[in-house]
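Structure file entry_1.tsv with TSV, C-alpha atoms and all ligand atoms:
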```
chain	number	residue	atom	x	y	z
F	1	MET	CA	0.00	0.00	0.00
F	2	LYS	CA	1.16	3.52	-0.80
F	3	SER	CA	1.92	6.10	1.88
F	4	GLN	CA	-1.03	8.41	2.61
F	5	SER	CA	-0.66	12.14	2.91
F	6	PHE	CA	-1.65	13.20	6.45
F	7	GLY	CA	-3.22	16.58	7.05
F	8	ASN	CA	-3.79	17.27	3.34
F	9	GLN	CA	-7.19	18.55	4.42
F	10	ILE	CA	-7.83	20.08	7.83
F	11	VAL	CA	-11.32	20.83	9.13
F	12	LYS	CA	-11.42	23.23	12.11
F	13	LEU	CA	-14.47	23.31	14.35
F	14	SER	CA	-15.19	25.62	17.20
F	15	SER	CA	-17.27	23.20	19.31
F	16	VAL	CA	-18.31	19.59	18.73
F	17	ASP	CA	-19.36	16.60	20.87
F	18	SER	CA	-16.19	14.68	19.99
F	19	THR	CA	-13.85	15.04	16.99
F	20	ASN	CA	-13.82	11.22	16.74
F	21	ASN	CA	-17.64	11.10	16.58
F	22	TYR	CA	-17.73	13.92	14.04
F	23	THR	CA	-15.20	12.07	11.87
F	24	ALA	CA	-17.22	8.83	12.18
F	25	LYS	CA	-20.33	10.64	10.90
F	26	LEU	CA	-18.41	11.94	7.88
F	27	VAL	CA	-17.15	8.40	7.25
F	28	ASN	CA	-20.70	6.99	7.40
F	29	ASN	CA	-21.84	9.60	4.88
F	30	SER	CA	-18.75	9.01	2.67
F	31	LYS	CA	-17.89	12.70	2.99
F	32	ILE	CA	-14.23	12.42	3.98
F	33	SER	CA	-11.01	11.36	2.28
F	34	PHE	CA	-8.11	9.48	3.84
F	35	GLY	CA	-5.55	11.70	5.56
F	36	THR	CA	-8.12	14.32	6.62
F	37	VAL	CA	-7.66	15.89	10.06
F	38	ILE	CA	-10.59	17.16	12.13
F	39	MET	CA	-9.72	19.59	14.95
F	40	ALA	CA	-11.87	21.41	17.49
F	41	ASP	CA	-11.39	24.18	20.04
F	42	PHE	CA	-13.77	22.45	22.41
F	43	GLN	CA	-15.49	19.07	22.91
F	44	THR	CA	-18.70	18.71	24.88
F	45	LYS	CA	-18.32	14.90	25.13
F	46	GLY	CA	-14.64	14.23	24.52
F	47	LYS	CA	-14.03	10.51	24.79
F	48	GLY	CA	-11.09	8.88	26.58
F	49	GLN	CA	-9.89	5.33	27.18
F	50	ARG	CA	-11.77	3.06	29.60
F	51	SER	CA	-15.05	4.92	28.74
F	52	LEU	CA	-13.82	8.04	30.56
F	53	PHE	CA	-14.32	11.63	29.41
F	54	TRP	CA	-11.51	13.69	27.95
F	55	ASN	CA	-11.71	17.22	29.37
F	56	SER	CA	-9.86	20.14	27.89
F	57	GLU	CA	-10.21	23.92	28.35
F	58	LYS	CA	-11.51	25.75	25.29
F	59	GLY	CA	-8.98	26.74	22.64
F	60	LEU	CA	-5.88	25.77	24.62
F	61	ASN	CA	-5.11	22.21	23.58
F	62	LEU	CA	-4.98	19.97	20.56
F	63	LEU	CA	-8.17	17.94	20.02
F	64	PHE	CA	-7.38	16.04	16.88
F	65	SER	CA	-8.77	13.16	14.79
F	66	LEU	CA	-7.06	11.72	11.72
F	67	TYR	CA	-8.89	9.44	9.28
F	68	LEU	CA	-6.72	6.65	7.85
F	69	ASP	CA	-6.94	3.81	5.39
F	70	THR	CA	-5.84	0.86	7.54
F	71	SER	CA	-7.09	-1.92	5.26
F	72	PHE	CA	-3.44	-3.13	5.17
F	73	LEU	CA	-3.64	-4.10	8.90
F	74	ASN	CA	-4.25	-7.68	9.99
F	75	ALA	CA	-6.79	-8.02	12.77
F	76	GLU	CA	-4.23	-10.20	14.67
F	77	ASN	CA	-1.82	-7.25	14.67
F	78	ILE	CA	-4.37	-4.58	15.46
F	79	PHE	CA	-2.36	-3.09	18.34
F	80	SER	CA	0.65	-2.44	16.09
F	81	LEU	CA	-1.29	0.63	14.87
F	82	SER	CA	-1.57	1.87	18.46
F	83	LYS	CA	2.17	1.35	18.94
F	84	ALA	CA	2.99	3.27	15.76
F	85	VAL	CA	0.66	6.15	16.72
F	86	ALA	CA	2.10	6.33	20.25
F	87	LEU	CA	5.64	6.43	18.81
F	88	GLY	CA	4.72	9.21	16.36
F	89	LEU	CA	3.10	11.26	19.11
F	90	ARG	CA	6.00	10.62	21.50
F	91	GLN	CA	8.45	11.80	18.82
F	92	CYS	CA	6.40	14.95	18.19
F	93	VAL	CA	6.41	15.84	21.91
F	94	GLU	CA	10.13	15.03	22.25
F	95	ASN	CA	10.94	17.29	19.28
F	96	ILE	CA	9.10	20.15	20.95
F	97	ILE	CA	10.42	19.85	24.49
F	98	GLY	CA	13.82	18.28	23.85
F	99	LYS	CA	13.47	15.87	26.79
F	100	GLN	CA	12.76	12.16	27.05
F	101	VAL	CA	9.10	11.21	26.86
F	102	LEU	CA	7.70	7.81	27.87
F	103	ILE	CA	4.74	5.73	26.76
F	104	LYS	CA	2.57	4.19	29.46
F	105	TRP	CA	0.71	1.06	28.38
F	106	PRO	CA	-1.38	1.05	26.36
F	107	ASN	CA	-0.64	4.43	24.80
F	108	ASP	CA	-0.54	7.34	27.24
F	109	ILE	CA	2.24	9.83	26.68
F	110	LEU	CA	4.07	10.82	29.89
F	111	ILE	CA	6.60	13.40	31.00
F	112	ASN	CA	7.86	13.40	34.59
F	113	GLU	CA	5.22	10.75	35.46
F	114	LYS	CA	2.41	13.09	34.30
F	115	LYS	CA	0.17	12.57	31.28
F	116	ILE	CA	0.57	15.08	28.46
F	117	ALA	CA	-1.36	13.26	25.73
F	118	GLY	CA	-3.77	10.39	25.16
F	119	ILE	CA	-4.86	8.35	22.15
F	120	LEU	CA	-8.22	6.82	21.30
F	121	ILE	CA	-8.30	4.77	18.09
F	122	GLU	CA	-11.64	3.65	16.68
F	123	ASN	CA	-11.63	1.19	13.80
F	124	GLN	CA	-14.20	0.62	11.06
F	125	TRP	CA	-14.71	-3.00	9.96
F	126	LYS	CA	-15.99	-4.60	6.77
F	127	SER	CA	-16.77	-8.33	7.03
F	128	ASN	CA	-14.18	-9.17	9.73
F	129	LYS	CA	-11.50	-6.97	8.17
F	130	ILE	CA	-10.36	-3.53	9.30
F	131	SER	CA	-11.17	-1.01	6.58
F	132	SER	CA	-10.22	2.29	8.18
F	133	SER	CA	-9.36	3.93	11.52
F	134	ILE	CA	-10.01	7.19	13.28
F	135	ILE	CA	-6.94	8.20	15.28
F	136	GLY	CA	-8.09	10.48	18.10
F	137	ILE	CA	-5.39	12.42	19.94
F	138	GLY	CA	-5.68	14.85	22.82
F	139	LEU	CA	-2.43	16.74	23.45
F	140	ASN	CA	-2.26	19.25	26.30
F	141	VAL	CA	-0.55	22.33	24.89
F	142	ASN	CA	-1.24	25.72	26.48
F	143	GLN	CA	-3.39	24.74	29.48
F	144	LEU	CA	-1.89	25.80	32.80
F	145	LYS	CA	-3.98	24.04	35.46
F	146	PHE	CA	-5.38	20.52	35.70
F	147	PRO	CA	-7.33	18.83	38.51
F	148	ILE	CA	-4.74	17.05	40.72
F	149	GLU	CA	-6.42	13.66	40.28
F	150	TYR	CA	-5.76	13.80	36.49
F	151	LYS	CA	-1.96	13.71	37.08
F	152	ALA	CA	-1.72	15.77	33.86
F	153	THR	CA	0.67	18.29	32.41
F	154	SER	CA	1.04	20.36	29.23
F	155	LEU	CA	3.75	21.64	26.90
F	156	PHE	CA	3.33	25.05	28.56
F	157	ASN	CA	3.86	23.56	32.04
F	158	ILE	CA	7.06	21.88	30.88
F	159	THR	CA	8.67	24.65	28.82
F	160	SER	CA	6.93	27.87	30.02
F	161	LYS	CA	6.25	28.68	26.36
F	162	LYS	CA	2.94	29.20	24.56
F	163	TYR	CA	2.49	27.32	21.28
F	164	ASN	CA	0.64	27.90	18.04
F	165	LEU	CA	-1.68	24.91	17.56
F	166	ASP	CA	-1.37	24.97	13.74
F	167	SER	CA	2.40	24.46	13.91
F	168	ILE	CA	1.92	21.58	16.33
F	169	VAL	CA	-0.59	19.94	13.99
F	170	SER	CA	1.80	20.03	11.08
F	171	LEU	CA	4.65	18.58	13.18
F	172	LEU	CA	2.31	15.91	14.56
F	173	CYS	CA	1.14	14.97	11.04
F	174	SER	CA	4.71	14.49	9.84
F	175	CYS	CA	5.72	12.45	12.93
F	176	LEU	CA	2.62	10.24	12.56
F	177	GLN	CA	3.26	9.90	8.84
F	178	PHE	CA	6.82	8.69	9.53
F	179	SER	CA	5.82	6.04	12.06
F	180	ILE	CA	2.70	4.81	10.22
F	181	ASP	CA	4.74	4.54	7.00
F	182	GLN	CA	6.97	2.09	8.93
F	183	LEU	CA	3.85	0.06	9.65
F	184	ILE	CA	2.75	0.18	6.00
F	185	GLN	CA	6.24	-1.07	5.09
F	186	SER	CA	5.71	-3.97	7.57
F	187	LYS	CA	8.58	-2.87	9.84
F	188	ILE	CA	6.70	-4.37	12.76
F	189	ASN	CA	9.86	-5.56	14.57
F	190	LEU	CA	11.30	-2.05	14.49
F	191	ILE	CA	8.06	-0.55	15.80
F	192	ASP	CA	7.94	-3.19	18.53
F	193	ARG	CA	11.52	-2.50	19.60
F	194	ASN	CA	10.99	1.27	19.68
F	195	TYR	CA	7.69	0.94	21.56
F	196	HIS	CA	9.20	-1.31	24.26
F	197	ASN	CA	12.26	0.94	24.58
F	198	SER	CA	9.96	3.90	25.33
F	199	LEU	CA	7.63	1.97	27.61
F	200	LEU	CA	7.32	2.96	31.27
F	201	ASN	CA	8.46	0.11	33.56
F	202	PHE	CA	9.49	-2.15	30.70
F	203	ASN	CA	11.52	-5.01	32.17
F	204	LYS	CA	11.28	-3.46	35.65
F	205	TRP	CA	9.41	-4.63	38.74
F	206	ALA	CA	6.44	-2.42	39.61
F	207	LEU	CA	3.14	-2.71	41.49
F	208	TYR	CA	-0.10	-3.57	39.66
F	209	GLU	CA	-3.71	-3.95	40.77
F	210	HIS	CA	-6.01	-6.69	39.48
F	211	GLU	CA	-9.35	-7.67	41.06
F	212	GLN	CA	-8.60	-5.48	44.10
F	213	LYS	CA	-5.32	-7.23	44.74
F	214	VAL	CA	-1.97	-5.45	44.50
F	215	PHE	CA	1.03	-7.47	43.35
F	216	LYS	CA	4.46	-7.09	41.80
F	217	GLY	CA	4.94	-7.61	38.09
F	218	LYS	CA	7.53	-7.05	35.39
F	219	ILE	CA	6.48	-6.15	31.83
F	220	LEU	CA	7.99	-8.65	29.40
F	221	GLU	CA	6.01	-7.57	26.35
F	222	VAL	CA	2.96	-5.77	25.03
F	223	ASP	CA	1.77	-8.05	22.23
F	224	ASN	CA	0.21	-6.92	18.96
F	225	MET	CA	-3.29	-7.49	20.32
F	226	GLY	CA	-2.42	-4.98	23.07
F	227	LEU	CA	-2.19	-7.50	25.93
F	228	LEU	CA	0.27	-6.77	28.73
F	229	ASN	CA	2.46	-9.81	29.38
F	230	LEU	CA	3.69	-9.69	32.98
F	231	GLU	CA	6.14	-11.89	34.85
F	232	LEU	CA	4.65	-12.35	38.31
F	233	LYS	CA	7.41	-14.45	39.77
F	234	LYS	CA	10.05	-16.74	38.29
F	235	GLY	CA	8.39	-18.96	35.69
F	236	ASP	CA	4.94	-17.45	36.28
F	237	TYR	CA	3.57	-15.27	33.47
F	238	LYS	CA	0.13	-13.82	32.81
F	239	LYS	CA	-1.46	-11.66	30.12
F	240	PHE	CA	-3.88	-8.86	31.00
F	241	ASN	CA	-6.13	-6.62	28.94
F	242	LEU	CA	-6.73	-2.93	29.61
F	243	LYS	CA	-9.88	-3.50	31.64
F	244	GLN	CA	-8.28	-6.05	33.94
F	245	ILE	CA	-5.28	-4.27	35.37
F	246	LYS	CA	-3.84	-0.94	36.37
F	247	LEU	CA	-0.43	0.26	37.38
F	248	VAL	CA	-0.21	1.31	41.05
F	249	LYS	CA	3.41	2.48	41.21
Z	301	LIG	C1	-7.16	8.74	26.71
Z	301	LIG	O1	-8.04	8.52	27.56
Z	301	LIG	O2	-5.98	8.76	27.03
Z	301	LIG	C2	-7.54	9.00	25.27
Z	301	LIG	C3	-7.91	10.42	25.06
Z	301	LIG	C4	-8.24	10.76	23.63
Z	301	LIG	C5	-8.82	12.16	23.53
Z	301	LIG	C6	-8.96	12.62	22.10
Z	301	LIG	S1	-9.35	14.32	22.01
Z	301	LIG	C7	-9.68	14.18	20.31
Z	301	LIG	C8	-10.37	12.85	20.09
Z	301	LIG	N1	-11.81	12.99	20.25
Z	301	LIG	C9	-12.28	12.35	21.32
Z	301	LIG	O3	-13.47	12.34	21.70
Z	301	LIG	N2	-11.27	11.73	21.96
Z	301	LIG	C10	-10.02	11.91	21.27
```
Please lay out the structure from this file as structure tokens.
Amino acid sequence: MKSQSFGNQIVKLSSVDSTNNYTAKLVNNSKISFGTVIMADFQTKGKGQRSLFWNSEKGLNLLFSLYLDTSFLNAENIFSLSKAVALGLRQCVENIIGKQVLIKWPNDILINEKKIAGILIENQWKSNKISSSIIGIGLNVNQLKFPIEYKATSLFNITSKKYNLDSIVSLLCSCLQFSIDQLIQSKINLIDRNYHNSLLNFNKWALYEHEQKVFKGKILEVDNMGLLNLELKKGDYKKFNLKQIKLVK
């Protein structure tokens, strides 16, 4: 499959329920081409992972959805898209702040243990095959304050600089283009290596919570279905999905 041109068309909205939902409606009405970006100043029902809301002050942050042809993806490797998107977003943030940025499973972007960006990918299917994907990204840019319980930060909090959102979108599009092109070229091993090298607590003992029990685990791998493969003790391994487990410390 040929590389797609990201951000060739950009639709800017002032307020919308969710840029992902808006994109999905355009897809259903066949009114959107691959590579289109939908952005909004504000979302009334921004969607996050684990069915949570994504809250963002008006006009300060990037609320972004990118529509992609992902018919090249195998359903068994579905999470490789998430890995590639997380790597593209991580690279974009690293280029801006010039400091190391980590990915927290499955695909949160962290600086100094605080979340600066999140990803919500929604796939469209045609008879058991992925046909396209909506890549939703929320990147905290110019917002100063966040509720403490969010453990969130922004580019402004890190660098004390204000940013122009249009320049960030074009950098983000080129970073995503680079990493998704690697996926199109089937460089899955490279993506895997880079993802694990940027992964918080990879190959380190940390505390996890599952069914109200806290225990030690070491991440051995995040597979291409997105399952977290933990070593619990010598010779004892278990895979968890996103709903089953959370990192405590
Ligand atoms: C997460 O919980 O980490 C994922 C957050 C994804 C938020 C973005 S903001 C733009 C796009 N539209 C949505 O409704 N959600 C995503």
- ligand LIG 301 (chain Z) neighbours within 6 Å using all atoms listed in the file, as a ChimeraX atom specification: /F:18-20,46-49,54,63-65,108,118-120,136-138
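If you measure from each of F:Ile111, F:Ile78, F:Ile130, F:Cys173 to Ile38 of chain F using all atoms listed in the file, the closest one turns out to be F:Cys173.
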Report as CSV: every residue of segment 41-101 of chain F with an atom at most 12 Å from segment 190-213 of chain F, its closest pair of atoms, and their distance in Å to one decimal, counting all atoms listed in the file, with rows sorted by chain and ascending residue number.
```
residue,atom,partner,partner_atom,distance
F:Asn77,CA,F:Asp192,CA,11.3
F:Phe79,CA,F:Asp192,CA,10.3
F:Ser80,CA,F:Ile191,CA,7.7
F:Leu81,CA,F:Ile191,CA,9.5
F:Ser82,CA,F:Tyr195,CA,9.8
F:Lys83,CA,F:Tyr195,CA,6.1
F:Ala84,CA,F:Ile191,CA,6.3
F:Val85,CA,F:Tyr195,CA,10.0
F:Ala86,CA,F:Tyr195,CA,7.9
F:Leu87,CA,F:Tyr195,CA,6.5
F:Gly88,CA,F:Tyr195,CA,10.2
F:Leu89,CA,F:Tyr195,CA,11.6
F:Arg90,CA,F:Ser198,CA,8.7
F:Gln91,CA,F:Ser198,CA,10.3
F:Glu94,CA,F:Ser198,CA,11.5
F:Gln100,CA,F:Ser198,CA,8.9
F:Val101,CA,F:Ser198,CA,7.5
```
Dump C-alpha atoms for the selected residues as a CSV table (one decimal), in the coordinates of the input?
```
chain,number,residue,atom,x,y,z
F,77,ASN,CA,-1.8,-7.2,14.7
F,79,PHE,CA,-2.4,-3.1,18.3
F,80,SER,CA,0.6,-2.4,16.1
F,81,LEU,CA,-1.3,0.6,14.9
F,82,SER,CA,-1.6,1.9,18.5
F,83,LYS,CA,2.2,1.4,18.9
F,84,ALA,CA,3.0,3.3,15.8
F,85,VAL,CA,0.7,6.2,16.7
F,86,ALA,CA,2.1,6.3,20.2
F,87,LEU,CA,5.6,6.4,18.8
F,88,GLY,CA,4.7,9.2,16.4
F,89,LEU,CA,3.1,11.3,19.1
F,90,ARG,CA,6.0,10.6,21.5
F,91,GLN,CA,8.4,11.8,18.8
F,94,GLU,CA,10.1,15.0,22.2
F,100,GLN,CA,12.8,12.2,27.0
F,101,VAL,CA,9.1,11.2,26.9
```
Students should find that atom CA of Thr44 of chain F and atom CA of Val169 of chain F are spaced 21.2 Å
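Among the candidates F:Leu66, F:Lys12, F:Ile121, F:Ser33, the one nearest to Gln177 of chain F when counting all atoms listed in the file is F:Leu66.
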Using only C-alpha atoms, the shortest atom-to-atom distance to Asn61 of chain F among F:Ile188, F:Ala40, F:Ile109, F:Ile32 belongs to F:Ala40
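The residue that comes closest to Ser132 of chain F, out of F:Glu221, F:Asn229, F:Leu68, F:Val37 and on the basis of all atoms listed in the file, is F:Leu68.
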Place a sphere of radius 12 Å on (-6.0, 13.6, 37.1) in the file coordinates and name every protein, DNA or RNA residue with an atom inside or on its surface, counting all atoms listed in the file; give the answer as a ChimeraX atom specification.
/F:52-56,113-116,145-153
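Of the residues under consideration (F:Asn224, F:Gly59, F:Asn28, F:Gly235), F:Asn224 shows the shortest atom-to-atom contact distance to Asn189 of chain F when counting all atoms listed in the file.
When atom CA of Asn123 of chain F is paired with atom CA of Ile180 of chain F, their separation reads 15.2 Å.
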Repaired coordinates for segment 72-100 of chain F (N, CA and C atoms) as a PDB file, in the frame of the given file:
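Once written, out-v4.pdb looks like this:
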```
ATOM      1  N   PHE F  72      -4.647  -2.303   5.246  1.00  0.00           N
ATOM      2  CA  PHE F  72      -3.440  -3.130   5.170  1.00  0.00           C
ATOM      3  C   PHE F  72      -3.189  -3.891   6.486  1.00  0.00           C
ATOM      4  N   LEU F  73      -3.909  -3.518   7.563  1.00  0.00           N
ATOM      5  CA  LEU F  73      -3.640  -4.100   8.900  1.00  0.00           C
ATOM      6  C   LEU F  73      -4.330  -5.447   9.056  1.00  0.00           C
ATOM      7  N   ASN F  74      -3.623  -6.403   9.649  1.00  0.00           N
ATOM      8  CA  ASN F  74      -4.250  -7.680   9.990  1.00  0.00           C
ATOM      9  C   ASN F  74      -4.908  -7.552  11.350  1.00  0.00           C
ATOM     10  N   ALA F  75      -6.101  -8.123  11.486  1.00  0.00           N
ATOM     11  CA  ALA F  75      -6.790  -8.020  12.770  1.00  0.00           C
ATOM     12  C   ALA F  75      -5.925  -8.601  13.904  1.00  0.00           C
ATOM     13  N   GLU F  76      -5.074  -9.601  13.607  1.00  0.00           N
ATOM     14  CA  GLU F  76      -4.230 -10.200  14.670  1.00  0.00           C
ATOM     15  C   GLU F  76      -3.139  -9.233  15.138  1.00  0.00           C
ATOM     16  N   ASN F  77      -2.869  -8.214  14.317  1.00  0.00           N
ATOM     17  CA  ASN F  77      -1.820  -7.250  14.670  1.00  0.00           C
ATOM     18  C   ASN F  77      -2.400  -5.890  14.980  1.00  0.00           C
ATOM     19  N   ILE F  78      -3.653  -5.861  15.391  1.00  0.00           N
ATOM     20  CA  ILE F  78      -4.370  -4.580  15.460  1.00  0.00           C
ATOM     21  C   ILE F  78      -3.648  -3.557  16.345  1.00  0.00           C
ATOM     22  N   PHE F  79      -2.991  -4.032  17.410  1.00  0.00           N
ATOM     23  CA  PHE F  79      -2.360  -3.090  18.340  1.00  0.00           C
ATOM     24  C   PHE F  79      -1.070  -2.472  17.776  1.00  0.00           C
ATOM     25  N   SER F  80      -0.568  -3.045  16.669  1.00  0.00           N
ATOM     26  CA  SER F  80       0.650  -2.440  16.090  1.00  0.00           C
ATOM     27  C   SER F  80       0.341  -1.011  15.612  1.00  0.00           C
ATOM     28  N   LEU F  81      -0.913  -0.736  15.253  1.00  0.00           N
ATOM     29  CA  LEU F  81      -1.290   0.630  14.870  1.00  0.00           C
ATOM     30  C   LEU F  81      -1.182   1.562  16.083  1.00  0.00           C
ATOM     31  N   SER F  82      -1.674   1.087  17.223  1.00  0.00           N
ATOM     32  CA  SER F  82      -1.570   1.870  18.460  1.00  0.00           C
ATOM     33  C   SER F  82      -0.116   2.169  18.812  1.00  0.00           C
ATOM     34  N   LYS F  83       0.737   1.155  18.637  1.00  0.00           N
ATOM     35  CA  LYS F  83       2.170   1.350  18.940  1.00  0.00           C
ATOM     36  C   LYS F  83       2.750   2.409  18.024  1.00  0.00           C
ATOM     37  N   ALA F  84       2.427   2.319  16.728  1.00  0.00           N
ATOM     38  CA  ALA F  84       2.990   3.270  15.760  1.00  0.00           C
ATOM     39  C   ALA F  84       2.492   4.690  16.061  1.00  0.00           C
ATOM     40  N   VAL F  85       1.210   4.816  16.418  1.00  0.00           N
ATOM     41  CA  VAL F  85       0.660   6.150  16.720  1.00  0.00           C
ATOM     42  C   VAL F  85       1.327   6.707  17.981  1.00  0.00           C
ATOM     43  N   ALA F  86       1.463   5.863  19.008  1.00  0.00           N
ATOM     44  CA  ALA F  86       2.100   6.330  20.250  1.00  0.00           C
ATOM     45  C   ALA F  86       3.536   6.784  19.975  1.00  0.00           C
ATOM     46  N   LEU F  87       4.247   6.050  19.119  1.00  0.00           N
ATOM     47  CA  LEU F  87       5.640   6.430  18.810  1.00  0.00           C
ATOM     48  C   LEU F  87       5.697   7.749  18.045  1.00  0.00           C
ATOM     49  N   GLY F  88       4.757   7.946  17.113  1.00  0.00           N
ATOM     50  CA  GLY F  88       4.720   9.210  16.360  1.00  0.00           C
ATOM     51  C   GLY F  88       4.431  10.381  17.278  1.00  0.00           C
ATOM     52  N   LEU F  89       3.482  10.191  18.173  1.00  0.00           N
ATOM     53  CA  LEU F  89       3.100  11.260  19.110  1.00  0.00           C
ATOM     54  C   LEU F  89       4.242  11.531  20.099  1.00  0.00           C
ATOM     55  N   ARG F  90       4.867  10.462  20.575  1.00  0.00           N
ATOM     56  CA  ARG F  90       6.000  10.620  21.500  1.00  0.00           C
ATOM     57  C   ARG F  90       7.114  11.429  20.829  1.00  0.00           C
ATOM     58  N   GLN F  91       7.389  11.100  19.559  1.00  0.00           N
ATOM     59  CA  GLN F  91       8.450  11.800  18.820  1.00  0.00           C
ATOM     60  C   GLN F  91       8.113  13.287  18.657  1.00  0.00           C
ATOM     61  N   CYS F  92       6.851  13.558  18.367  1.00  0.00           N
ATOM     62  CA  CYS F  92       6.400  14.950  18.190  1.00  0.00           C
ATOM     63  C   CYS F  92       6.642  15.730  19.490  1.00  0.00           C
ATOM     64  N   VAL F  93       6.244  15.141  20.625  1.00  0.00           N
ATOM     65  CA  VAL F  93       6.410  15.840  21.910  1.00  0.00           C
ATOM     66  C   VAL F  93       7.894  15.987  22.243  1.00  0.00           C
ATOM     67  N   GLU F  94       8.676  14.940  21.977  1.00  0.00           N
ATOM     68  CA  GLU F  94      10.130  15.030  22.250  1.00  0.00           C
ATOM     69  C   GLU F  94      10.773  16.128  21.419  1.00  0.00           C
ATOM     70  N   ASN F  95      10.361  16.243  20.143  1.00  0.00           N
ATOM     71  CA  ASN F  95      10.940  17.290  19.280  1.00  0.00           C
ATOM     72  C   ASN F  95      10.645  18.670  19.848  1.00  0.00           C
ATOM     73  N   ILE F  96       9.472  18.832  20.441  1.00  0.00           N
ATOM     74  CA  ILE F  96       9.100  20.150  20.950  1.00  0.00           C
ATOM     75  C   ILE F  96       9.829  20.473  22.248  1.00  0.00           C
ATOM     76  N   ILE F  97       9.873  19.509  23.169  1.00  0.00           N
ATOM     77  CA  ILE F  97      10.420  19.850  24.490  1.00  0.00           C
ATOM     78  C   ILE F  97      11.895  19.492  24.654  1.00  0.00           C
ATOM     79  N   GLY F  98      12.400  18.655  23.768  1.00  0.00           N
ATOM     80  CA  GLY F  98      13.820  18.280  23.850  1.00  0.00           C
ATOM     81  C   GLY F  98      14.167  17.454  25.082  1.00  0.00           C
ATOM     82  N   LYS F  99      13.194  16.757  25.636  1.00  0.00           N
ATOM     83  CA  LYS F  99      13.470  15.870  26.790  1.00  0.00           C
ATOM     84  C   LYS F  99      12.844  14.515  26.505  1.00  0.00           C
ATOM     85  N   GLN F 100      13.282  13.501  27.293  1.00  0.00           N
ATOM     86  CA  GLN F 100      12.760  12.160  27.050  1.00  0.00           C
ATOM     87  C   GLN F 100      11.295  12.016  27.478  1.00  0.00           C
TER      88      GLN F 100
END
```
